[in-house]
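Just below is one structure, and these are the notes that go with it.
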Amino acid sequence: MLSRLVLRAAPAALRALPPPVAVGVLHTTRTLHTTQQSLAPVPPLPEKGGEVRHGLIPEEFFQFLYPKTGVTGPYMLGTGLLLYLLSKEIYVVNHETAAAACILTVIVYAIKKFGPDVAAFADKLNEEKMATALAMKNEAVQSLQTAIEDEKKEQWRAEGRSYLFDAKRNNVAMLLEANYRERLLMVYNEVKKRLDYQVAMQTLKRQKEQDHMIQWVERNVVQSITPQQQKESIAKCILDLKALSKSAHAVV
Amino acid sequence: MAGRRAALKAVDWAAFAERVPPNQRAMFNALKTRNDALTARLAALPEKPPAIDWAFYKANVAKAGMVDEFQKKFSALKVPEPVDAQTAKIDAQEKETAKSTAEYIQASKARIAQYEQELQKLKSMIPFEQMTYEDLSEAFPETKLNKEKYPYWPHKSIADL
């Protein structure tokens with residue numbers, strides 16, 4: 001009966017104990033929303049949960065008892081408590097105990113064997129979600145940056161419009177100038193053509209007159225050569241030739 | 001004479017070509033070929049036609065007075081300069097485009113400001129690993145679940161699943 005009183009008093013006593021000591025790697029109590037910046041994003045969860053021994057009892061308990069009872073303290077406490085419960089029949093051993101033992105064995109074995117794989121699988125699922133979200137965010141950032149650059153480029157392009165109008169004006173000026181020059185050239189060519197025609201006509205006429213005259217003179221001269229004159233001229237030619245051949249022999 | 005030789009402004013075709021957007025390349029090429037053709041045509045023509053040697057013609061042409069008459073008429077002839085109707089239009093076009101370009105640049109700057117803002121928001125976002133679903137709804141309002149319209153899970157129309 002006294003034991004039951006102790007059992008009932010235990011939780012109250014435990015609540016009165018000071019809060020667990022925060023030690024390095026061990027589980028720290030997270031003080032949330034206590035400072036001014038209560039709206040700040042919650043700091044990330046710790047990577048690993050608090051350390052436990054034998055999968056059940058937190059490490060803090062052992063540390064708590066260590067100063068007084070050393071390393072074996074909590075085990076002694078546990079064994080004593082267990083023996084007490086069994087011997088005083090506060091915990092009654094019945095068929096449920098056997099069932100519990102089998103089930104717990106199986107569960108512990110299964111967890112030890114398949115636990116890490118399942119954990120990895122779950123982590124992978126989460127990773128994939130994160131990766132998709134991150135990829136989307138990066139894509140959005142990228143597209144925004146390219147959009148900004150494109151806009152800047154378009155602005156730069158629009159500044160070049162003065163080139164276009166200069167080129168157009170140049171075109172127009174060149175066209176006008178070319179047209180004017182062509183007109184001048186045309187006038188010159190036409191006048192020159194007419195004058196040249198006159199000159200050419202004159203020269204042609206002159207030439208024709210000369211040719212005709214020469215031919216007429218020749219014809220008359222040929223007609224006027226009588227046979228007598230022809231014989232005399234041939235005889236003279238032969239004499240000249242003989243004289244020439246004599247002088248040629250002499251030279252050779 | 002004053003309107004005749006409007007000085008040709010040197011156009012930097014290389015810089016011009018850089019600024020042409022790809023969808024207007026064809027027009028630019030057409031303009032350039034036109035310009036080149038005109039330049040070639042202009043270069044082929046002499047600035048002044050050669051002078052006519054009146055003394056030679058006076059000595060050689062027999063018809064009396066013909067050369068004198070020609071000379072008189074030739075020196076009196078004034079070739080009209082072609083009228084420039086396009087430059088005014090081009091100037092008007094230029095003013096118009098200046099205005100529309102200014103507007104476009106304004107709009108473009110506004111767009112850039114908007115993009116910058118969104119970029120800033122994305123960059124200063126907390127990493128996904130530290131987000132709760134509430135934070136996600138804040139950062140990306142489109143993911144916010146409409147609990148008024150769809151009070152029962154999954155808080156969105158079945159088609160959106």
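Ordering of the structure tokens sets the chain letters (A, B, ...), residue numbers begin anew at 1 in every chain, and ligands are numbered from 1 in the order given.
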- Task: Please give the complete set of residues from region 79-157 of chain B that DSSP, run on the backbone, assigns to helix (DSSP H, G or I), formatted as an NGL selection string.
- Result: :B and (86-123 or 128-130 or 133-139 or 141-143)
- Message: Within 7 Å of chain B, which residues belong to chain A? Use only C-alpha atoms and report them as a VMD selection string.
- Response: chain A and resid 44 130 141 144 148 151 155 157 to 158 160 163 165 to 167 169 to 171 173 to 178 180 to 181 184 to 185 188 198 to 199
- Message: Just to confirm, what's the straight-line distance from CA of Lys192 (chain A) to CA of Lys72 (chain B) in Å (one decimal)?
- Response: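 Interatomic distance here is 14.1 Å.
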